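Engineer: Below you'll find the structure I mean.
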Amino acid sequence: MGFSPSLLLYSFLLTFSFANSVSELTALMDLKASLDPENLHLGSWVFRDDPCGGRFEGVACNEKGQVTNISLQGKGLAGKLSPEIGRLKYLTGLYLHYNSLYGEIPKEIGDLTELSDLYLNVNNLSGEIPPELGNMENLQVLQLCYNHFTGSVPTQLGSLKKLNVLALQSNLLTGAVPASLGDLVVLMRLDLSFNRLFGSIPTKLADAPMLEVFDIRNNSLSGNVPLALKRLVDGFRYENNPGLCGTGFSSLRSCDESGYSSSNRPEPYAGGATGFSTKNIPESADLNLNCSQSSCSKASTNSHASVVVGLVVVAVFVSAASILSFSLYRRRKQKLSCTFDISDIHLSADNAKDSYKKNGSPLASLEYSSGWDPMAEGRRFGFSHEDMQNFRFNLQEVECATQYFSDKNLLGKSNYSMTYKGKLRDGSVVAVKRITKTSCKSEEAEFLKGLNVLTSLINENLVRLRGFCFSRGRGECFLVYDFVPNGSLFQYLDLEEVDGRVLEWSTRVSIINGIAKGIEYLHRCKVNKPSLVHQNISAKNVLIDQQVKPLLSDSGLHKLLTSDTIYSSLKASAAMGYLAPEYTTTGRFTEKSDVYAFGVLVFQILSGKRKYEISTRAVAESGNLEFVDTNIYGKFYIPEAKLLAKVAVSCTNELPEDRPSMEAIVQDISN
């Protein structure tokens, strides 16, 4: 019997797919052995498991089952980067920063031509930066700062036409600044500070069209600073380069005719005709001070020696300053204060320049994948550039704030998210909700619309959204809220009087009023804010602040989540009695379903019980107040208790049309 061509093709593709999976699994296991030789941190990487099955910590795959992302930052890894990394051909993001990796970067990393993000910063890596990095044609962010790299900056990096960020600061790099970096037409940030670079600044680099930040502090650069760099204003940082000179820069001396600062001009050679000048050094070449026997006189040799000694002194000074700076930085890093100045900008090249200019929050910028410029998308849907910009948070800042999502900062978890306590650079305390990408809406336009709704919610009884971060490279989205210190209302139920946290009557009334006003705000349509159904009102989603004021959390969150995620979260609501009875037949949430959940909350607050019993409603409907919490029985205002019980009864009516509106409820209980 023969085989059809289509069957043969299917068999070939199946075999190829299987072979690729085995190859990637083998590469990952070799990578594990190299990165974590003591097997202290990557115990979830086992050969018998599927890397794309969700069990390999920090590994993400595409829909074809190919490994596309490795996120292991801040994991305490103390090994080397294996050459086997080059076998993960479909990798787009590699995040190994904030570890203790040592050794050289293997040249095989250049085989990762799909990689867009390479984060190896803040490790103990050494050796030269491999020129093979120039083969990574899709690279957009290259972070190698705060390591021990030596040698020169490879000229091959000028081939990375999509590169937005190049961060090489705080290493031991020597040689000149490559003129080829001027070929990077979308380069926005270049940081070469705290190295041992010398020579002049290439004019070609100064003319790079998208360049916004150029930091060359604490090197041994010299010569005339191109006037084109003046356009960067504060984005150009050049301090502690004594040999630099130029006009138009407030802290630079003017240059003499030879292109030198008048106080830093080198002495001429004996004979006076051919003085040594670093102005003549090629912009992309290392300096060679060795003379040939045929061309050097004794006098010129002595002059050469003087120059060498001078350069060595400067190099030692810069090296000492660099090492001191690096040491101090390491100390700060160990404390996880994250106060250093590293901006991980990852924006669409077309609009990156505009997006970088305004940063309303204390954070640097949002990390977005190529192909989605949130500012451009926002303008398409009529969203304000300034408003969206003010809510943009940087992935690195979110990581730092939570100490890399440390378990000790974990506040709670659900089936689709984990919430961590964090501290921002400005000192404010926040709660970071970490949501898996599979739980977020996949359509970028829909996700952005949801964000616009969340950022429009401003009310004294809602938890304030500080910002958001969407990282396709990490496969996660993050929401940053104000931290509410006293936990949730759930923690104040089912308590005994001796506990000391039992809520007194006036506090319970105030909490009920605050919750009602928060829900009424959501339901009310306002300018720039549509009416909104909460969908998940519960005691766990009512937080209590320092003034014992209630704040509704997760308001509008369903606008960002997939339908499957929303449905899966209903089980807990149904078990606690919050789900309106009509939902089982209609499958829809309405304002009246929020009203029903509010009624259940009122019963919980009055009774002090976490579990809502239907029998409680029957008792309240009869006018009996025996269901009121015994911890405060006899210590409350009876007319007020009867009013609230009546409200709870009407809110939990079987028929949604017989339930009052939140506006009417607020009027009733506020009078």
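Within each chain, counting starts at residue 1; across the structure tokens, chains are named A, B, ... in the order shown, with ligands numbered 1 upward in that order.
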Which neighbours of A:Gly487 fall inside 10 Å, counting only C-alpha atoms, when residues of the same chain fewer than 5 positions from it are skipped, and could you give them as a list of chain:residue names?
Structural biologist: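 Final neighbour list, sorted by chain and number: A:Leu411, A:Tyr492, A:Lys540, A:Asn541, A:Val542, A:Leu543, A:Ile544, A:Asp545, A:Gln546.
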Engineer: Which neighbours of A:Leu133 fall inside 9 Å, counting only C-alpha atoms, when residues of the same chain fewer than 6 positions from it are skipped, and could you give them as a list in words?
Structural biologist: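 Listed by chain and then number, they are Lys107, Ile109, Gly110, Asp111, Leu112, Leu139, Pro154, Gln156, Leu157 and Leu160 of chain A.
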Engineer: How many Å lie between atom CA of A:Ala401 and atom CA of A:Leu172, rounded to one decimal?
Structural biologist: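 Computing it gives 29.1 Å between the two atoms.
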Engineer: Please indicate the distance in Å from atom CA of A:Ser159 to atom CA of A:Met136, rounded to one decimal place.
Structural biologist: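 Atom CA of A:Met136 lies 8.6 Å from atom CA of A:Ser159.
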Engineer: Nearest residue to A:Asp482 out of A:Ser82, A:Ser428, A:Asn99, A:Asn409, using only C-alpha atoms?
Structural biologist: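 Checking each of A:Ser82, A:Ser428, A:Asn99, A:Asn409 against A:Asp482, counting only C-alpha atoms, the winner is A:Ser428.
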Engineer: Give me, as an MDAnalysis selection string, the residues of stretch 478-644 of chain A that a backbone DSSP run labels strand (DSSP E).
Structural biologist: chainID A and resid 478:482 542:544 550:552
Engineer: Which distance in Å separates atom CA of A:Leu448 and atom CA of A:Glu57, to one decimal?
Structural biologist: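 Going from atom CA of A:Leu448 over to atom CA of A:Glu57 covers 28.3 Å.
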Engineer: Quick one: residues within 12 Å of A:Lys437, only C-alpha atoms, excluding same-chain residues fewer than 5 positions away - as a ChimeraX atom specification?
Structural biologist: /A:60-62,416-417,442-444,447,469-478,560-562,565
Engineer: Would you save the residues of that selection, restricted to C-alpha atoms, as a PDB file, in the first residue's frame?
Structural biologist:
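Here's the written file part-v7.pdb:
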ATOM      1  CA  ALA A  60       7.522  30.018  28.068  1.00  0.00           C
ATOM      2  CA  CYS A  61       6.636  28.611  24.655  1.00  0.00           C
ATOM      3  CA  ASN A  62       4.667  29.589  21.576  1.00  0.00           C
ATOM      4  CA  TYR A 416      -5.188  33.617  37.561  1.00  0.00           C
ATOM      5  CA  SER A 417      -2.971  36.026  39.535  1.00  0.00           C
ATOM      6  CA  SER A 442      -5.094  38.451  23.615  1.00  0.00           C
ATOM      7  CA  GLU A 443      -6.375  41.237  21.369  1.00  0.00           C
ATOM      8  CA  GLU A 444      -4.135  44.233  21.992  1.00  0.00           C
ATOM      9  CA  PHE A 447      -6.633  44.940  26.272  1.00  0.00           C
ATOM     10  CA  CYS A 469       2.952  47.024  32.674  1.00  0.00           C
ATOM     11  CA  PHE A 470       2.506  44.559  29.838  1.00  0.00           C
ATOM     12  CA  SER A 471       5.481  42.357  29.001  1.00  0.00           C
ATOM     13  CA  ARG A 472       5.074  39.987  26.104  1.00  0.00           C
ATOM     14  CA  GLY A 473       8.645  38.863  26.645  1.00  0.00           C
ATOM     15  CA  ARG A 474       7.763  37.742  30.177  1.00  0.00           C
ATOM     16  CA  GLY A 475       4.344  36.496  29.142  1.00  0.00           C
ATOM     17  CA  GLU A 476       2.678  38.476  31.938  1.00  0.00           C
ATOM     18  CA  CYS A 477       0.807  41.684  32.620  1.00  0.00           C
ATOM     19  CA  PHE A 478       1.019  43.667  35.854  1.00  0.00           C
ATOM     20  CA  LEU A 560      -8.660  42.827  30.895  1.00  0.00           C
ATOM     21  CA  LEU A 561      -9.358  39.132  31.425  1.00  0.00           C
ATOM     22  CA  THR A 562     -10.446  36.355  29.095  1.00  0.00           C
ATOM     23  CA  THR A 565     -10.645  33.306  33.444  1.00  0.00           C
TER      24      THR A 565
END
Engineer: Determine which residues of stretch 11-93 of chain A DSSP labels as alpha helix (DSSP H) from the backbone of this structure, then write them out as a PyMOL selection string.
Structural biologist: chain A and resi 11-35
Engineer: Print the selection's residues with N, CA and C atoms to a file, as a CSV table (one decimal), in the first residue's frame.
Structural biologist:
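So the final result, stored in result.csv, reads:
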chain,number,residue,atom,x,y,z
A,11,SER,N,3.6,13.2,8.3
A,11,SER,CA,4.6,12.4,9.1
A,11,SER,C,5.9,13.1,9.2
A,12,PHE,N,6.4,13.8,8.1
A,12,PHE,CA,7.6,14.5,8.2
A,12,PHE,C,7.6,15.6,9.2
A,13,LEU,N,6.5,16.4,9.2
A,13,LEU,CA,6.3,17.5,10.1
A,13,LEU,C,6.2,17.0,11.5
A,14,LEU,N,5.5,15.9,11.7
A,14,LEU,CA,5.4,15.4,13.1
A,14,LEU,C,6.8,14.9,13.6
A,15,THR,N,7.5,14.3,12.7
A,15,THR,CA,8.9,13.8,13.1
A,15,THR,C,9.8,15.0,13.4
A,16,PHE,N,9.7,16.0,12.5
A,16,PHE,CA,10.5,17.2,12.7
A,16,PHE,C,10.2,17.9,14.0
A,17,SER,N,8.9,18.0,14.3
A,17,SER,CA,8.4,18.7,15.6
A,17,SER,C,8.9,17.9,16.8
A,18,PHE,N,8.8,16.6,16.7
A,18,PHE,CA,9.3,15.8,17.8
A,18,PHE,C,10.8,15.9,18.0
A,19,ALA,N,11.5,15.9,16.9
A,19,ALA,CA,13.0,16.1,17.0
A,19,ALA,C,13.4,17.4,17.5
A,20,ASN,N,12.6,18.5,17.2
A,20,ASN,CA,12.9,19.8,17.7
A,20,ASN,C,12.7,19.9,19.2
A,21,SER,N,11.6,19.2,19.6
A,21,SER,CA,11.2,19.2,21.1
A,21,SER,C,12.3,18.5,21.9
A,22,VAL,N,12.8,17.4,21.4
A,22,VAL,CA,13.9,16.7,22.0
A,22,VAL,C,15.1,17.5,22.1
A,23,SER,N,15.4,18.2,21.0
A,23,SER,CA,16.6,19.0,20.9
A,23,SER,C,16.6,20.1,21.9
A,24,GLU,N,15.4,20.8,22.0
A,24,GLU,CA,15.3,21.9,22.9
A,24,GLU,C,15.3,21.4,24.4
A,25,LEU,N,14.7,20.3,24.6
A,25,LEU,CA,14.8,19.7,26.0
A,25,LEU,C,16.2,19.4,26.4
A,26,THR,N,17.0,18.8,25.5
A,26,THR,CA,18.4,18.5,25.8
A,26,THR,C,19.2,19.8,26.0
A,27,ALA,N,18.9,20.8,25.2
A,27,ALA,CA,19.6,22.1,25.4
A,27,ALA,C,19.2,22.7,26.7
A,28,LEU,N,18.0,22.6,27.1
A,28,LEU,CA,17.6,23.2,28.4
A,28,LEU,C,18.2,22.5,29.6
A,29,MET,N,18.3,21.2,29.5
A,29,MET,CA,18.9,20.4,30.6
A,29,MET,C,20.4,20.7,30.7
A,30,ASP,N,21.1,20.9,29.5
A,30,ASP,CA,22.5,21.3,29.5
A,30,ASP,C,22.6,22.7,30.1
A,31,LEU,N,21.7,23.6,29.7
A,31,LEU,CA,21.7,24.9,30.2
A,31,LEU,C,21.5,25.0,31.7
A,32,LYS,N,20.6,24.1,32.2
A,32,LYS,CA,20.4,24.0,33.7
A,32,LYS,C,21.6,23.6,34.4
A,33,ALA,N,22.3,22.6,33.9
A,33,ALA,CA,23.5,22.1,34.5
A,33,ALA,C,24.6,23.1,34.6
A,34,SER,N,24.6,24.0,33.6
A,34,SER,CA,25.6,25.1,33.6
A,34,SER,C,25.3,26.2,34.4
A,35,LEU,N,24.0,26.7,34.4
A,35,LEU,CA,23.5,27.8,35.1
A,35,LEU,C,23.4,27.5,36.6
Engineer: For A:Leu579, which residue out of A:Ile605, A:Val233, A:Ile537, A:Ala618 is the nearest one, using only C-alpha atoms?
Structural biologist: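 Counting only C-alpha atoms, the residue closest to A:Leu579 is A:Ile537.
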Engineer: Mind checking which residues fall within 12 Å of A:Leu489, counting only C-alpha atoms, ignoring those fewer than 3 positions away in the same chain, and posting them as a PyMOL selection string?
Structural biologist: chain A and resi 484-486+492-495+501-503+507-508+511-512+515+537-545+548-553+601-602+604-605+608-610
Engineer: For N, CA and C atoms, I'd like the residues from the last selection saved as a compact mmCIF listing (two decimals), in the first residue's frame.
Structural biologist:
# COMPACT_ATOMS: atom_id res chain seq x y z
N VAL A 484 -3.10 48.86 50.47
CA VAL A 484 -4.08 49.13 51.53
C VAL A 484 -3.67 48.29 52.74
N PRO A 485 -3.30 48.92 53.86
CA PRO A 485 -2.55 48.24 54.93
C PRO A 485 -3.31 47.27 55.82
N ASN A 486 -4.63 47.41 55.96
CA ASN A 486 -5.32 46.62 56.99
C ASN A 486 -6.04 45.39 56.47
N TYR A 492 -12.09 40.40 59.04
CA TYR A 492 -12.79 40.96 60.20
C TYR A 492 -14.11 40.25 60.49
N LEU A 493 -14.31 39.13 59.81
CA LEU A 493 -15.52 38.34 60.02
C LEU A 493 -15.17 37.05 60.75
N ASP A 494 -16.18 36.48 61.43
CA ASP A 494 -15.99 35.25 62.21
C ASP A 494 -14.95 35.44 63.32
N LEU A 495 -14.99 36.58 63.98
CA LEU A 495 -14.05 36.84 65.07
C LEU A 495 -14.75 36.77 66.42
N ARG A 501 -10.15 42.75 67.23
CA ARG A 501 -10.37 43.36 65.92
C ARG A 501 -11.84 43.39 65.54
N VAL A 502 -12.70 43.02 66.46
CA VAL A 502 -14.13 43.04 66.19
C VAL A 502 -14.57 44.48 65.90
N LEU A 503 -15.28 44.66 64.79
CA LEU A 503 -15.69 46.00 64.37
C LEU A 503 -16.87 46.48 65.22
N THR A 507 -18.49 51.64 62.99
CA THR A 507 -17.54 51.29 61.94
C THR A 507 -18.21 50.44 60.88
N ARG A 508 -19.07 49.50 61.30
CA ARG A 508 -19.78 48.66 60.33
C ARG A 508 -20.70 49.49 59.45
N ILE A 511 -18.60 51.33 56.95
CA ILE A 511 -18.11 50.44 55.89
C ILE A 511 -19.21 50.15 54.88
N ILE A 512 -20.42 49.88 55.35
CA ILE A 512 -21.54 49.63 54.44
C ILE A 512 -21.79 50.84 53.55
N ILE A 515 -18.93 51.10 50.89
CA ILE A 515 -19.08 50.11 49.82
C ILE A 515 -20.19 50.53 48.86
N ILE A 537 -17.96 41.35 43.49
CA ILE A 537 -18.03 41.96 44.82
C ILE A 537 -18.04 40.87 45.88
N SER A 538 -17.14 41.00 46.85
CA SER A 538 -17.05 40.02 47.94
C SER A 538 -16.31 40.64 49.10
N ALA A 539 -16.35 39.98 50.24
CA ALA A 539 -15.64 40.49 51.42
C ALA A 539 -14.13 40.52 51.18
N LYS A 540 -13.61 39.61 50.34
CA LYS A 540 -12.18 39.60 50.05
C LYS A 540 -11.78 40.75 49.14
N ASN A 541 -12.74 41.28 48.39
CA ASN A 541 -12.45 42.39 47.50
C ASN A 541 -12.85 43.74 48.09
N VAL A 542 -13.07 43.77 49.39
CA VAL A 542 -13.25 45.04 50.09
C VAL A 542 -12.07 45.17 51.04
N LEU A 543 -11.19 46.13 50.75
CA LEU A 543 -10.01 46.34 51.57
C LEU A 543 -10.25 47.46 52.58
N ILE A 544 -9.54 47.40 53.69
CA ILE A 544 -9.74 48.36 54.78
C ILE A 544 -8.45 49.17 54.96
N ASP A 545 -8.57 50.50 54.85
CA ASP A 545 -7.38 51.33 54.97
C ASP A 545 -7.12 51.74 56.42
N VAL A 548 -9.91 52.91 58.49
CA VAL A 548 -10.98 51.90 58.47
C VAL A 548 -12.03 52.26 57.43
N LYS A 549 -11.58 52.84 56.35
CA LYS A 549 -12.46 53.15 55.23
C LYS A 549 -12.41 52.00 54.24
N PRO A 550 -13.57 51.57 53.69
CA PRO A 550 -13.57 50.46 52.74
C PRO A 550 -13.19 50.91 51.33
N LEU A 551 -12.39 50.09 50.67
CA LEU A 551 -11.98 50.37 49.29
C LEU A 551 -12.24 49.12 48.45
N LEU A 552 -13.05 49.26 47.41
CA LEU A 552 -13.32 48.14 46.52
C LEU A 552 -12.10 47.87 45.65
N SER A 553 -11.68 46.62 45.58
CA SER A 553 -10.56 46.25 44.71
C SER A 553 -11.07 45.47 43.51
N LEU A 601 -23.18 41.14 51.24
CA LEU A 601 -22.14 41.77 52.05
C LEU A 601 -22.73 42.44 53.29
N VAL A 602 -23.88 43.11 53.13
CA VAL A 602 -24.52 43.77 54.27
C VAL A 602 -24.88 42.75 55.34
N GLN A 604 -23.41 39.92 55.84
CA GLN A 604 -22.16 39.46 56.45
C GLN A 604 -21.64 40.46 57.49
N ILE A 605 -21.71 41.72 57.16
CA ILE A 605 -21.20 42.76 58.06
C ILE A 605 -22.06 42.85 59.32
N GLY A 608 -21.51 39.48 61.18
CA GLY A 608 -20.13 39.17 61.52
C GLY A 608 -19.70 37.80 61.03
N LYS A 609 -20.47 37.21 60.10
CA LYS A 609 -20.19 35.86 59.62
C LYS A 609 -19.67 35.88 58.18
N ARG A 610 -18.72 35.00 57.89
CA ARG A 610 -18.21 34.87 56.53
C ARG A 610 -19.20 34.15 55.62
Engineer: Name all residues at most 7 Å from stretch 216-229 of chain A (count only C-alpha atoms; drop same-chain ones fewer than 2 positions away) and give them as a compact mmCIF listing (two decimals) with N, CA and C atoms, in the first residue's frame.
Structural biologist:
# COMPACT_ATOMS: atom_id res chain seq x y z
N ASP A 191 24.56 53.71 26.83
CA ASP A 191 25.25 53.98 28.09
C ASP A 191 26.59 53.25 28.10
N LEU A 192 27.67 54.02 28.03
CA LEU A 192 29.03 53.48 28.05
C LEU A 192 29.80 53.98 29.27
N SER A 193 29.11 54.52 30.24
CA SER A 193 29.76 55.16 31.39
C SER A 193 30.51 54.16 32.26
N PHE A 194 31.46 54.71 33.04
CA PHE A 194 32.24 53.92 34.00
C PHE A 194 32.94 52.73 33.33
N ASN A 195 33.70 53.06 32.29
CA ASN A 195 34.58 52.10 31.63
C ASN A 195 35.96 52.74 31.48
N ARG A 196 36.75 52.25 30.53
CA ARG A 196 38.10 52.78 30.31
C ARG A 196 38.28 53.17 28.85
N LEU A 197 37.24 53.66 28.25
CA LEU A 197 37.28 54.00 26.83
C LEU A 197 38.08 55.28 26.61
N PHE A 198 38.76 55.37 25.45
CA PHE A 198 39.50 56.59 25.11
C PHE A 198 39.31 56.89 23.63
N GLY A 199 39.88 58.00 23.20
CA GLY A 199 39.67 58.45 21.83
C GLY A 199 38.56 59.48 21.79
N SER A 200 38.16 59.84 20.60
CA SER A 200 37.15 60.89 20.44
C SER A 200 35.75 60.31 20.26
N ILE A 201 34.76 61.20 20.33
CA ILE A 201 33.37 60.79 20.12
C ILE A 201 33.08 60.84 18.63
N THR A 203 31.55 61.54 15.21
CA THR A 203 30.52 62.46 14.73
C THR A 203 29.31 61.70 14.20
N ALA A 206 27.03 60.88 17.00
CA ALA A 206 26.33 62.06 17.49
C ALA A 206 25.12 62.40 16.63
N ASP A 207 25.16 62.01 15.37
CA ASP A 207 24.07 62.31 14.44
C ASP A 207 22.99 61.22 14.40
N PHE A 214 22.69 59.54 25.94
CA PHE A 214 24.06 59.13 25.62
C PHE A 214 24.91 59.43 26.84
N ARG A 231 21.67 68.76 21.29
CA ARG A 231 20.21 68.57 21.19
C ARG A 231 19.69 67.62 22.26
N LEU A 232 20.55 66.79 22.83
CA LEU A 232 20.11 65.83 23.84
C LEU A 232 19.88 66.49 25.20
N PHE A 236 22.59 63.95 27.47
CA PHE A 236 24.02 63.76 27.20
C PHE A 236 24.80 63.99 28.48
N ARG A 237 25.46 62.96 28.98
CA ARG A 237 26.22 63.04 30.23
C ARG A 237 27.67 62.68 29.95
N TYR A 238 28.58 63.58 30.28
CA TYR A 238 29.97 63.43 29.85
C TYR A 238 30.98 63.74 30.95
N GLU A 239 30.55 63.88 32.19
CA GLU A 239 31.44 64.28 33.27
C GLU A 239 32.61 63.30 33.45
N ASN A 240 33.69 63.81 34.00
CA ASN A 240 34.89 63.02 34.32
C ASN A 240 35.55 62.41 33.09
N ASN A 241 35.62 63.20 32.04
CA ASN A 241 36.44 62.92 30.86
C ASN A 241 37.31 64.16 30.64
N GLY A 243 39.79 65.10 29.03
CA GLY A 243 40.29 65.47 27.71
C GLY A 243 39.26 66.02 26.76
N LEU A 244 37.99 66.00 27.13
CA LEU A 244 36.94 66.49 26.24
C LEU A 244 36.90 68.01 26.25
N CYS A 245 36.58 68.58 25.10
CA CYS A 245 36.42 70.02 24.99
C CYS A 245 35.33 70.30 23.96
N GLY A 246 34.85 71.52 23.90
CA GLY A 246 33.83 71.85 22.93
C GLY A 246 33.11 73.13 23.27
N CYS A 255 38.07 74.35 22.88
CA CYS A 255 39.17 73.63 22.26
C CYS A 255 40.13 74.61 21.59
N GLY A 259 42.08 70.93 18.40
CA GLY A 259 40.95 70.13 18.85
C GLY A 259 41.07 69.68 20.28
N TYR A 260 41.96 70.30 21.05
CA TYR A 260 42.16 69.92 22.44
C TYR A 260 41.65 70.98 23.39
N LYS A 279 43.43 63.09 18.75
CA LYS A 279 42.46 63.49 17.73
C LYS A 279 42.66 62.69 16.46
N VAL A 318 40.52 56.16 36.71
CA VAL A 318 39.17 55.82 36.24
C VAL A 318 38.77 54.44 36.70
Engineer: Quick one: residues within 10 Å of A:Lys421, only C-alpha atoms, excluding same-chain residues fewer than 2 positions away - as a list in words?
Structural biologist: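 So the residues in contact are Ala401, Thr402, Gln403, Phe405, Ser406, Asp407, Lys408, Asn409, Leu410, Leu411, Gly412, Thr419, Lys423, Val429, Val430, Ala431, Val432, Lys433, Val480, Tyr481, Asp482, Phe483, Val484 and Pro485 of chain A.
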Engineer: Kindly indicate which residue among A:Ala516, A:Ile566, A:Ala575, A:Met188 lies nearest to A:Ala648, using only C-alpha atoms for the distances.
Structural biologist: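 Of A:Ala516, A:Ile566, A:Ala575, A:Met188, the one nearest A:Ala648 is A:Ala516, counting only C-alpha atoms.
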